[in-house]
Amino acid sequence: MIPGLLSSLIFAGSLYLIFSEKLNRTIAGIAGSAAMVGAGLALGFYSEEAAIAAIDFNTLGLLLGMMILVALLEPTGFFQYLAVWAGRWSRGHPVRLLVLLGTVTTVLSMFLDNVTTVVLIAPVTILISEILGMSATPLLMAEALLADTGGVATLIGDPPNVLIASAAGFSFNDFLTHALPVVAAAWLTALLLLRYLFRQELAVRPPDVEAVLRLNPSEALNDQATARRVLIVLGAAILLFFFHDRLHLSPAFIALGAAAGALVWVRPAIHETFQRVEWSVLIFFSALFVMVGGLEAAGVLRALVGLIARANAMPPVLLGVAMIWIVAALSAVVDNVPITIALIPVIEGLGAAGVATGPLWWALAFGAGFGGNGTIIGSTANIVVASLSERTRTPITSALWNKRGLPVMLATCAVASILYVLTFPFLSR
Amino acid sequence: MKIGDCMKRNVVSIPETATIGEAAAIFTARHVGLLPVVDDAGQLVGVLQLRDLLALVMPDFVRLVEDIDFVHDFGALETRQPSPEVMARPAREVMQPPLFVEEDCGLLRAFALLRQRDLHDLPVVASNGQLVGIASRVDIGAALLAGWRTPPPGGAP
């Protein structure tokens, strides 16, 4: 009883500090996990060995490997190249520009970290819209919303997906067959909705189209040789992801192997490359694993599973739809990573109690992925475009996001729910 | 040689009450890079640089994008102008706190200060805080070079 109470208190306290932003999330995570292990040692419900065992190294390895590849690609100017290319191909037509930039960020964020993609594409977006003399707001919001939506389609597109795949044993191809179709429909809905919501801003005829045509994408690509090498390695890694199930290779091994290969081929100044790797994110994940492991060891999650299983009179389809909306609502206001990490043992517990968990995993992925679109703080990509826009003449406000982003979240979740109900038998497989 | 010996004593300055528009007109008429801002008593209260005014029309992306070599044409931005409201705002709002020295400041120290803060002009004040002169990097640098011994013709290594 006391271990359960104390561990819940530590976890809730850390979450409060993280979500209220009273403390940096990684600092709160480290402090919380130290407190959890301390409490576990004192009361005998958790040990250092158990804490280490609670860390999912498959998730960390995959994230680290992909982060290293991005860190190598970042300084080459490849991302700027793509954005400038999109700008030129749009020939200054606002709607075409929105579609092209949205597609570029989506495709990148299906394979790379959404935040990095947006951090690198957004400044060039501001550049293109200023040269054109149009507002950057529709483009910036579309990039964040479409990147977050598109990222749900692949195993490596989104941290919650990495976590879910590792826990549920889903392969890269499972995501392509189960998540991609739903995401494609949601993504198209989001794009059309954005086109409609921003119809006024996108109706302007930019005064100076000629200037955009004089942008030279190849000059934005500073280091073609390195970009080519990293892209070849990245391509090979993605190819291996398709077959990782049959080859019996873990995604983490493929990502770390690719990172090793790229590092040997490029031989960068390692100190600079590693400065671009987001170690604080990796430590935050580890800390959450240790804390949730403590909750599990103290029996809290078992009690929670018992409660849900008893209330589980509702049909499985409804349980899944409820999961989509509850997780989405939570993800709109708080980070979806802690939510996912905390819900994974709950779903596992439901599975042990005899509930079919296959569809629930997908509901978790959709809710966590699409929920972040709802508010300006819903996802890191949203925060990034908003804070970049603060340094321009037309900042994106929270009120504006509620008017233009929230409908996108509601629409994508609605599409996901409908398709979830229609494809439920298939998702159960 | 001290900075008092190479500075210009005829300083163009503006009062605290000047607007951004008035300051722009003085920059245009006098072709200077920096205007000291003085209060009623002639005390130096700040400096207004040409680039502080240009920052008002500088595109946001110049600060946000690391490399702008590939932008061959700034398009609509080339003709951007501050709005009449901005032009009517007091220059005080965009001025910087002054970096200044007194007349007995050494030349190399003066040059080093400018170099460190990436400035081009250095106001000089008397011991009572009154603005008495201004020296540019070129004034200070040329005065320093003038102190160098010229090598004999033919040149020893």
# chains A, B, ... in the order shown; residues from 1 in each chain; ligands from 1
$ closest_atom_pairs --of "chain A" --to "chain B" --cutoff "6 Å" --atoms "only C-alpha atoms" --output "tab-separated table"
residue	atom	partner	partner_atom	distance
A:Pro123	CA	B:Leu64	CA	5.6
A:Leu127	CA	B:Phe61	CA	5.0
A:Ile131	CA	B:Gly75	CA	5.2
A:Gly133	CA	B:Ala76	CA	5.9
A:Asp208	CA	B:Gly75	CA	5.6
A:Ala211	CA	B:Gly75	CA	4.8
A:Leu215	CA	B:Val71	CA	5.3
A:Asn216	CA	B:Phe70	CA	5.4
A:Glu219	CA	B:Phe70	CA	5.2
A:Ala220	CA	B:Phe70	CA	5.7
A:Thr392	CA	B:Asp60	CA	5.5
$ write_last_selection --atoms "C-alpha atoms" --output "CSV table (one decimal), in the first residue's frame"
chain,number,residue,atom,x,y,z
A,123,PRO,CA,13.4,29.8,-41.2
A,127,LEU,CA,12.6,33.9,-45.9
A,131,ILE,CA,10.6,37.8,-50.3
A,133,GLY,CA,5.6,39.7,-49.5
A,208,ASP,CA,7.2,40.0,-56.3
A,211,ALA,CA,12.5,37.3,-56.8
A,215,LEU,CA,16.5,31.8,-55.6
A,216,ASN,CA,19.1,29.2,-56.3
A,219,GLU,CA,23.7,27.3,-53.5
A,220,ALA,CA,21.8,26.5,-50.3
A,392,THR,CA,9.0,38.1,-37.1
$ select_by_dssp --residues "region 38-214 of chain A" --states "alpha helix (DSSP H)" --output "ChimeraX atom specification"
/A:38-43,48-54,57-73,78-89,94-111,114-132,137-151,159-168,172-178,180-197,199-202,209-213
$ atom_distance --atom1 "CA of Ala86 (chain A)" --atom2 "CA of Val104 (chain A)"
7.7 Å
$ residues_around --residues "Gln130 (chain B)" --least-positions-apart "4" --cutoff "9 Å" --atoms "only C-alpha atoms" --output "VMD selection string"
chain B and resid 38 41 to 44 124 to 126
$ residues_around --residues "Ala110 (chain B)" --least-positions-apart "2" --cutoff "8 Å" --atoms "only C-alpha atoms" --output "PDB file with all heavy atoms, in the first residue's frame"
ATOM      1  N   ILE B   3      43.296  60.455 -27.440  1.00  0.00           N
ATOM      2  CA  ILE B   3      42.155  60.544 -28.358  1.00  0.00           C
ATOM      3  C   ILE B   3      41.715  61.991 -28.543  1.00  0.00           C
ATOM      4  O   ILE B   3      41.216  62.387 -29.603  1.00  0.00           O
ATOM      5  CB  ILE B   3      40.982  59.654 -27.880  1.00  0.00           C
ATOM      6  CG1 ILE B   3      39.998  59.419 -29.038  1.00  0.00           C
ATOM      7  CG2 ILE B   3      40.268  60.266 -26.683  1.00  0.00           C
ATOM      8  CD1 ILE B   3      39.105  58.255 -28.867  1.00  0.00           C
ATOM      9  N   VAL B 101      34.610  57.517 -24.003  1.00  0.00           N
ATOM     10  CA  VAL B 101      35.869  57.628 -23.252  1.00  0.00           C
ATOM     11  C   VAL B 101      36.100  59.104 -22.950  1.00  0.00           C
ATOM     12  O   VAL B 101      35.416  59.981 -23.500  1.00  0.00           O
ATOM     13  CB  VAL B 101      37.060  57.060 -24.054  1.00  0.00           C
ATOM     14  CG1 VAL B 101      36.914  55.567 -24.264  1.00  0.00           C
ATOM     15  CG2 VAL B 101      37.208  57.788 -25.381  1.00  0.00           C
ATOM     16  N   CYS B 105      42.110  59.340 -23.110  1.00  0.00           N
ATOM     17  CA  CYS B 105      42.156  57.897 -23.404  1.00  0.00           C
ATOM     18  C   CYS B 105      43.221  57.622 -24.468  1.00  0.00           C
ATOM     19  O   CYS B 105      43.341  58.353 -25.458  1.00  0.00           O
ATOM     20  CB  CYS B 105      40.792  57.442 -23.920  1.00  0.00           C
ATOM     21  SG  CYS B 105      40.752  55.753 -24.504  1.00  0.00           S
ATOM     22  N   GLY B 106      44.001  56.562 -24.280  1.00  0.00           N
ATOM     23  CA  GLY B 106      45.025  56.175 -25.256  1.00  0.00           C
ATOM     24  C   GLY B 106      44.388  55.684 -26.546  1.00  0.00           C
ATOM     25  O   GLY B 106      43.271  55.176 -26.542  1.00  0.00           O
ATOM     26  N   LEU B 107      45.109  55.826 -27.672  1.00  0.00           N
ATOM     27  CA  LEU B 107      44.538  55.478 -28.976  1.00  0.00           C
ATOM     28  C   LEU B 107      44.310  53.984 -29.124  1.00  0.00           C
ATOM     29  O   LEU B 107      43.286  53.545 -29.638  1.00  0.00           O
ATOM     30  CB  LEU B 107      45.462  55.971 -30.095  1.00  0.00           C
ATOM     31  CG  LEU B 107      45.522  57.478 -30.271  1.00  0.00           C
ATOM     32  CD1 LEU B 107      46.480  57.836 -31.402  1.00  0.00           C
ATOM     33  CD2 LEU B 107      44.137  58.034 -30.565  1.00  0.00           C
ATOM     34  N   LEU B 108      45.281  53.180 -28.677  1.00  0.00           N
ATOM     35  CA  LEU B 108      45.147  51.743 -28.870  1.00  0.00           C
ATOM     36  C   LEU B 108      43.980  51.204 -28.039  1.00  0.00           C
ATOM     37  O   LEU B 108      43.215  50.347 -28.483  1.00  0.00           O
ATOM     38  CB  LEU B 108      46.452  51.027 -28.490  1.00  0.00           C
ATOM     39  CG  LEU B 108      46.583  49.618 -29.076  1.00  0.00           C
ATOM     40  CD1 LEU B 108      46.456  49.633 -30.587  1.00  0.00           C
ATOM     41  CD2 LEU B 108      47.904  48.994 -28.668  1.00  0.00           C
ATOM     42  N   ALA B 112      40.746  49.347 -29.480  1.00  0.00           N
ATOM     43  CA  ALA B 112      40.385  48.016 -28.985  1.00  0.00           C
ATOM     44  C   ALA B 112      38.934  47.987 -28.508  1.00  0.00           C
ATOM     45  O   ALA B 112      38.210  47.013 -28.735  1.00  0.00           O
ATOM     46  CB  ALA B 112      41.327  47.602 -27.868  1.00  0.00           C
ATOM     47  N   LEU B 113      38.498  49.075 -27.843  1.00  0.00           N
ATOM     48  CA  LEU B 113      37.099  49.140 -27.367  1.00  0.00           C
ATOM     49  C   LEU B 113      36.132  49.071 -28.543  1.00  0.00           C
ATOM     50  O   LEU B 113      35.148  48.331 -28.514  1.00  0.00           O
ATOM     51  CB  LEU B 113      36.868  50.440 -26.588  1.00  0.00           C
ATOM     52  CG  LEU B 113      37.421  50.469 -25.159  1.00  0.00           C
ATOM     53  CD1 LEU B 113      37.316  51.884 -24.589  1.00  0.00           C
ATOM     54  CD2 LEU B 113      36.674  49.486 -24.269  1.00  0.00           C
ATOM     55  N   LEU B 114      36.422  49.852 -29.594  1.00  0.00           N
ATOM     56  CA  LEU B 114      35.544  49.854 -30.763  1.00  0.00           C
ATOM     57  C   LEU B 114      35.510  48.481 -31.406  1.00  0.00           C
ATOM     58  O   LEU B 114      34.460  47.976 -31.809  1.00  0.00           O
ATOM     59  CB  LEU B 114      36.025  50.888 -31.786  1.00  0.00           C
ATOM     60  CG  LEU B 114      35.804  52.351 -31.415  1.00  0.00           C
ATOM     61  CD1 LEU B 114      36.363  53.254 -32.506  1.00  0.00           C
ATOM     62  CD2 LEU B 114      34.315  52.637 -31.216  1.00  0.00           C
ATOM     63  N   LEU B 122      33.367  56.629 -31.633  1.00  0.00           N
ATOM     64  CA  LEU B 122      33.502  56.655 -30.182  1.00  0.00           C
ATOM     65  C   LEU B 122      33.321  58.087 -29.677  1.00  0.00           C
ATOM     66  O   LEU B 122      34.157  58.956 -29.938  1.00  0.00           O
ATOM     67  CB  LEU B 122      34.903  56.135 -29.821  1.00  0.00           C
ATOM     68  CG  LEU B 122      35.221  55.892 -28.355  1.00  0.00           C
ATOM     69  CD1 LEU B 122      34.253  54.908 -27.738  1.00  0.00           C
ATOM     70  CD2 LEU B 122      36.645  55.377 -28.219  1.00  0.00           C
ATOM     71  N   ILE B 140      41.055  57.207 -35.397  1.00  0.00           N
ATOM     72  CA  ILE B 140      41.943  56.621 -34.401  1.00  0.00           C
ATOM     73  C   ILE B 140      43.034  55.795 -35.073  1.00  0.00           C
ATOM     74  O   ILE B 140      44.223  55.913 -34.761  1.00  0.00           O
ATOM     75  CB  ILE B 140      41.128  55.730 -33.428  1.00  0.00           C
ATOM     76  CG1 ILE B 140      40.085  56.580 -32.689  1.00  0.00           C
ATOM     77  CG2 ILE B 140      42.044  55.031 -32.449  1.00  0.00           C
ATOM     78  CD1 ILE B 140      39.022  55.763 -31.978  1.00  0.00           C
TER      79      ILE B 140
END
$ closest_residue --among "A:Leu155, A:Ser7, A:Thr103, A:Tyr16" --to "Ala42 (chain A)" --atoms "only C-alpha atoms"
A:Ser7
$ closest_residue --among "B:Asn10, B:Pro123, B:Val57, B:Gln81" --to "Leu35 (chain B)" --atoms "only C-alpha atoms"
B:Pro123
$ atom_distance --atom1 "CA of Arg137 (chain B)" --atom2 "CA of Asp118 (chain B)"
10.4 Å
$ residues_around --residues "Arg51 (chain B)" --least-positions-apart "3" --cutoff "9 Å" --atoms "only C-alpha atoms" --output "PDB file with N, CA and C atoms, in the first residue's frame"
ATOM      1  N   GLY B  33      27.697  57.894 -39.361  1.00  0.00           N
ATOM      2  CA  GLY B  33      27.265  56.534 -39.031  1.00  0.00           C
ATOM      3  C   GLY B  33      26.694  56.438 -37.636  1.00  0.00           C
ATOM      4  N   LEU B  34      26.914  57.486 -36.822  1.00  0.00           N
ATOM      5  CA  LEU B  34      26.453  57.427 -35.441  1.00  0.00           C
ATOM      6  C   LEU B  34      26.096  58.823 -34.965  1.00  0.00           C
ATOM      7  N   LEU B  48      22.808  56.669 -31.255  1.00  0.00           N
ATOM      8  CA  LEU B  48      21.924  56.105 -32.272  1.00  0.00           C
ATOM      9  C   LEU B  48      22.785  55.791 -33.481  1.00  0.00           C
ATOM     10  N   LEU B  54      18.343  51.057 -39.792  1.00  0.00           N
ATOM     11  CA  LEU B  54      18.179  50.089 -40.886  1.00  0.00           C
ATOM     12  C   LEU B  54      17.562  48.796 -40.381  1.00  0.00           C
ATOM     13  N   ALA B  55      17.821  48.477 -39.089  1.00  0.00           N
ATOM     14  CA  ALA B  55      17.242  47.246 -38.522  1.00  0.00           C
ATOM     15  C   ALA B  55      15.723  47.279 -38.606  1.00  0.00           C
ATOM     16  N   LEU B  56      15.147  48.478 -38.655  1.00  0.00           N
ATOM     17  CA  LEU B  56      13.684  48.594 -38.715  1.00  0.00           C
ATOM     18  C   LEU B  56      13.109  48.031 -40.017  1.00  0.00           C
TER      19      LEU B  56
END
$ residues_around --residues "region 244-248 of chain A" --least-positions-apart "2" --cutoff "10 Å" --atoms "only C-alpha atoms" --output "VMD selection string"
chain A and resid 169 to 174 237 to 242 250 to 251 253 to 254
$ write_last_selection --atoms "N, CA, C and O atoms" --output "mmCIF file, in the first residue's frame"
data_model
loop_
_atom_site.group_PDB
_atom_site.id
_atom_site.type_symbol
_atom_site.label_atom_id
_atom_site.label_comp_id
_atom_site.auth_asym_id
_atom_site.auth_seq_id
_atom_site.Cartn_x
_atom_site.Cartn_y
_atom_site.Cartn_z
ATOM 1 N N GLY A 169 5.891 -4.931 -30.289
ATOM 2 C CA GLY A 169 6.566 -5.801 -31.238
ATOM 3 C C GLY A 169 6.119 -5.569 -32.673
ATOM 4 O O GLY A 169 6.201 -6.464 -33.506
ATOM 5 N N PHE A 170 5.645 -4.333 -32.975
ATOM 6 C CA PHE A 170 5.237 -4.028 -34.345
ATOM 7 C C PHE A 170 6.467 -3.802 -35.214
ATOM 8 O O PHE A 170 7.459 -3.219 -34.765
ATOM 9 N N SER A 171 6.382 -4.241 -36.464
ATOM 10 C CA SER A 171 7.502 -4.015 -37.373
ATOM 11 C C SER A 171 7.254 -2.742 -38.178
ATOM 12 O O SER A 171 6.169 -2.157 -38.140
ATOM 13 N N PHE A 172 8.286 -2.326 -38.905
ATOM 14 C CA PHE A 172 8.199 -1.150 -39.772
ATOM 15 C C PHE A 172 7.039 -1.313 -40.752
ATOM 16 O O PHE A 172 6.258 -0.389 -40.968
ATOM 17 N N ASN A 173 6.914 -2.526 -41.309
ATOM 18 C CA ASN A 173 5.848 -2.765 -42.288
ATOM 19 C C ASN A 173 4.458 -2.795 -41.658
ATOM 20 O O ASN A 173 3.478 -2.458 -42.314
ATOM 21 N N ASP A 174 4.387 -3.197 -40.377
ATOM 22 C CA ASP A 174 3.099 -3.148 -39.686
ATOM 23 C C ASP A 174 2.561 -1.718 -39.714
ATOM 24 O O ASP A 174 1.367 -1.488 -39.899
ATOM 25 N N ALA A 237 19.410 2.499 -44.713
ATOM 26 C CA ALA A 237 18.787 2.178 -43.423
ATOM 27 C C ALA A 237 17.276 2.013 -43.605
ATOM 28 O O ALA A 237 16.685 1.063 -43.079
ATOM 29 N N ILE A 238 16.663 2.914 -44.379
ATOM 30 C CA ILE A 238 15.206 2.827 -44.579
ATOM 31 C C ILE A 238 14.860 1.536 -45.311
ATOM 32 O O ILE A 238 13.893 0.844 -44.980
ATOM 33 N N LEU A 239 15.698 1.170 -46.282
ATOM 34 C CA LEU A 239 15.493 -0.091 -46.998
ATOM 35 C C LEU A 239 15.545 -1.268 -46.023
ATOM 36 O O LEU A 239 14.721 -2.191 -46.074
ATOM 37 N N LEU A 240 16.523 -1.235 -45.117
ATOM 38 C CA LEU A 240 16.647 -2.318 -44.132
ATOM 39 C C LEU A 240 15.444 -2.345 -43.185
ATOM 40 O O LEU A 240 15.022 -3.415 -42.756
ATOM 41 N N PHE A 241 14.910 -1.151 -42.862
ATOM 42 C CA PHE A 241 13.729 -1.099 -41.987
ATOM 43 C C PHE A 241 12.584 -1.927 -42.584
ATOM 44 O O PHE A 241 11.838 -2.587 -41.867
ATOM 45 N N PHE A 242 12.455 -1.889 -43.920
ATOM 46 C CA PHE A 242 11.372 -2.637 -44.563
ATOM 47 C C PHE A 242 11.490 -4.134 -44.280
ATOM 48 O O PHE A 242 10.507 -4.848 -44.223
ATOM 49 N N SER A 250 16.845 -5.573 -35.084
ATOM 50 C CA SER A 250 16.000 -4.594 -34.394
ATOM 51 C C SER A 250 16.170 -3.241 -35.079
ATOM 52 O O SER A 250 17.229 -2.953 -35.647
ATOM 53 N N PRO A 251 15.127 -2.393 -35.050
ATOM 54 C CA PRO A 251 15.268 -1.045 -35.614
ATOM 55 C C PRO A 251 16.436 -0.285 -34.979
ATOM 56 O O PRO A 251 17.128 0.475 -35.647
ATOM 57 N N PHE A 253 19.238 -1.493 -33.899
ATOM 58 C CA PHE A 253 20.514 -1.943 -34.475
ATOM 59 C C PHE A 253 20.717 -1.319 -35.852
ATOM 60 O O PHE A 253 21.818 -0.876 -36.193
ATOM 61 N N ILE A 254 19.647 -1.278 -36.650
ATOM 62 C CA ILE A 254 19.765 -0.694 -37.996
ATOM 63 C C ILE A 254 20.145 0.785 -37.891
ATOM 64 O O ILE A 254 21.057 1.264 -38.571
#
$ residues_around --residues "Trp361 (chain A)" --least-positions-apart "4" --cutoff "7 Å" --atoms "only C-alpha atoms" --output "MDAnalysis selection string"
chainID A and resid 164 357 365
$ write_last_selection --atoms "C-alpha atoms" --output "compact mmCIF listing (two decimals), in the first residue's frame"
# COMPACT_ATOMS: atom_id res chain seq x y z
CA ILE A 164 4.68 1.55 -29.15
CA THR A 357 -4.55 -5.24 -27.32
CA ALA A 365 -0.54 5.87 -31.74
$ decode --residues "region 72-93 of chain B" --atoms "N, CA, C and O atoms" --output "PDB file, in the first residue's frame"
ATOM      1  N   HIS B  72      19.301  35.788 -54.157  1.00  0.00           N
ATOM      2  CA  HIS B  72      19.888  36.756 -55.080  1.00  0.00           C
ATOM      3  C   HIS B  72      19.076  38.026 -55.201  1.00  0.00           C
ATOM      4  O   HIS B  72      19.504  38.985 -55.817  1.00  0.00           O
ATOM      5  N   ASP B  73      17.873  37.995 -54.661  1.00  0.00           N
ATOM      6  CA  ASP B  73      16.979  39.129 -54.862  1.00  0.00           C
ATOM      7  C   ASP B  73      16.050  39.192 -53.653  1.00  0.00           C
ATOM      8  O   ASP B  73      15.376  38.210 -53.347  1.00  0.00           O
ATOM      9  N   PHE B  74      16.081  40.310 -52.943  1.00  0.00           N
ATOM     10  CA  PHE B  74      15.217  40.435 -51.770  1.00  0.00           C
ATOM     11  C   PHE B  74      13.787  40.808 -52.148  1.00  0.00           C
ATOM     12  O   PHE B  74      12.932  40.944 -51.284  1.00  0.00           O
ATOM     13  N   GLY B  75      13.531  40.984 -53.416  1.00  0.00           N
ATOM     14  CA  GLY B  75      12.171  41.195 -53.902  1.00  0.00           C
ATOM     15  C   GLY B  75      11.492  42.393 -53.270  1.00  0.00           C
ATOM     16  O   GLY B  75      12.064  43.485 -53.195  1.00  0.00           O
ATOM     17  N   ALA B  76      10.278  42.156 -52.790  1.00  0.00           N
ATOM     18  CA  ALA B  76       9.444  43.228 -52.244  1.00  0.00           C
ATOM     19  C   ALA B  76      10.119  43.923 -51.063  1.00  0.00           C
ATOM     20  O   ALA B  76       9.792  45.064 -50.732  1.00  0.00           O
ATOM     21  N   LEU B  77      11.070  43.227 -50.425  1.00  0.00           N
ATOM     22  CA  LEU B  77      11.678  43.791 -49.218  1.00  0.00           C
ATOM     23  C   LEU B  77      12.589  44.976 -49.510  1.00  0.00           C
ATOM     24  O   LEU B  77      12.807  45.828 -48.655  1.00  0.00           O
ATOM     25  N   GLU B  78      13.129  45.042 -50.750  1.00  0.00           N
ATOM     26  CA  GLU B  78      14.064  46.106 -51.096  1.00  0.00           C
ATOM     27  C   GLU B  78      13.431  47.489 -50.918  1.00  0.00           C
ATOM     28  O   GLU B  78      14.113  48.464 -50.627  1.00  0.00           O
ATOM     29  N   THR B  79      12.131  47.553 -51.115  1.00  0.00           N
ATOM     30  CA  THR B  79      11.466  48.857 -51.065  1.00  0.00           C
ATOM     31  C   THR B  79      10.683  49.052 -49.769  1.00  0.00           C
ATOM     32  O   THR B  79       9.864  49.951 -49.661  1.00  0.00           O
ATOM     33  N   ARG B  80      10.943  48.181 -48.781  1.00  0.00           N
ATOM     34  CA  ARG B  80      10.206  48.284 -47.518  1.00  0.00           C
ATOM     35  C   ARG B  80      10.572  49.580 -46.788  1.00  0.00           C
ATOM     36  O   ARG B  80      11.717  50.000 -46.777  1.00  0.00           O
ATOM     37  N   GLN B  81       9.568  50.245 -46.199  1.00  0.00           N
ATOM     38  CA  GLN B  81       9.792  51.478 -45.441  1.00  0.00           C
ATOM     39  C   GLN B  81       9.098  51.370 -44.099  1.00  0.00           C
ATOM     40  O   GLN B  81       8.065  50.722 -43.986  1.00  0.00           O
ATOM     41  N   PRO B  82       9.658  52.032 -43.061  1.00  0.00           N
ATOM     42  CA  PRO B  82       8.940  52.026 -41.786  1.00  0.00           C
ATOM     43  C   PRO B  82       7.625  52.785 -41.944  1.00  0.00           C
ATOM     44  O   PRO B  82       7.535  53.722 -42.749  1.00  0.00           O
ATOM     45  N   SER B  83       6.626  52.381 -41.168  1.00  0.00           N
ATOM     46  CA  SER B  83       5.328  53.046 -41.246  1.00  0.00           C
ATOM     47  C   SER B  83       5.447  54.448 -40.651  1.00  0.00           C
ATOM     48  O   SER B  83       6.376  54.727 -39.893  1.00  0.00           O
ATOM     49  N   PRO B  84       4.507  55.384 -41.001  1.00  0.00           N
ATOM     50  CA  PRO B  84       4.546  56.741 -40.431  1.00  0.00           C
ATOM     51  C   PRO B  84       4.535  56.715 -38.899  1.00  0.00           C
ATOM     52  O   PRO B  84       5.173  57.564 -38.267  1.00  0.00           O
ATOM     53  N   GLU B  85       3.847  55.709 -38.313  1.00  0.00           N
ATOM     54  CA  GLU B  85       3.821  55.632 -36.840  1.00  0.00           C
ATOM     55  C   GLU B  85       5.225  55.380 -36.304  1.00  0.00           C
ATOM     56  O   GLU B  85       5.628  55.958 -35.300  1.00  0.00           O
ATOM     57  N   VAL B  86       5.949  54.480 -36.978  1.00  0.00           N
ATOM     58  CA  VAL B  86       7.314  54.183 -36.527  1.00  0.00           C
ATOM     59  C   VAL B  86       8.183  55.423 -36.687  1.00  0.00           C
ATOM     60  O   VAL B  86       8.970  55.771 -35.799  1.00  0.00           O
ATOM     61  N   MET B  87       8.045  56.140 -37.803  1.00  0.00           N
ATOM     62  CA  MET B  87       8.853  57.333 -38.061  1.00  0.00           C
ATOM     63  C   MET B  87       8.613  58.403 -36.993  1.00  0.00           C
ATOM     64  O   MET B  87       9.486  59.218 -36.711  1.00  0.00           O
ATOM     65  N   ALA B  88       7.413  58.398 -36.398  1.00  0.00           N
ATOM     66  CA  ALA B  88       7.074  59.431 -35.420  1.00  0.00           C
ATOM     67  C   ALA B  88       7.480  59.039 -34.004  1.00  0.00           C
ATOM     68  O   ALA B  88       7.371  59.839 -33.081  1.00  0.00           O
ATOM     69  N   ARG B  89       7.948  57.795 -33.840  1.00  0.00           N
ATOM     70  CA  ARG B  89       8.343  57.366 -32.498  1.00  0.00           C
ATOM     71  C   ARG B  89       9.654  58.020 -32.091  1.00  0.00           C
ATOM     72  O   ARG B  89      10.483  58.352 -32.939  1.00  0.00           O
ATOM     73  N   PRO B  90       9.883  58.248 -30.776  1.00  0.00           N
ATOM     74  CA  PRO B  90      11.138  58.884 -30.371  1.00  0.00           C
ATOM     75  C   PRO B  90      12.343  57.988 -30.661  1.00  0.00           C
ATOM     76  O   PRO B  90      12.265  56.765 -30.485  1.00  0.00           O
ATOM     77  N   ALA B  91      13.423  58.605 -31.123  1.00  0.00           N
ATOM     78  CA  ALA B  91      14.639  57.860 -31.444  1.00  0.00           C
ATOM     79  C   ALA B  91      15.200  57.171 -30.202  1.00  0.00           C
ATOM     80  O   ALA B  91      15.911  56.170 -30.301  1.00  0.00           O
ATOM     81  N   ARG B  92      14.868  57.745 -29.030  1.00  0.00           N
ATOM     82  CA  ARG B  92      15.269  57.153 -27.754  1.00  0.00           C
ATOM     83  C   ARG B  92      14.983  55.648 -27.691  1.00  0.00           C
ATOM     84  O   ARG B  92      15.717  54.882 -27.110  1.00  0.00           O
ATOM     85  N   GLU B  93      13.857  55.248 -28.312  1.00  0.00           N
ATOM     86  CA  GLU B  93      13.421  53.852 -28.218  1.00  0.00           C
ATOM     87  C   GLU B  93      14.386  52.881 -28.895  1.00  0.00           C
ATOM     88  O   GLU B  93      14.416  51.708 -28.538  1.00  0.00           O
TER      89      GLU B  93
END
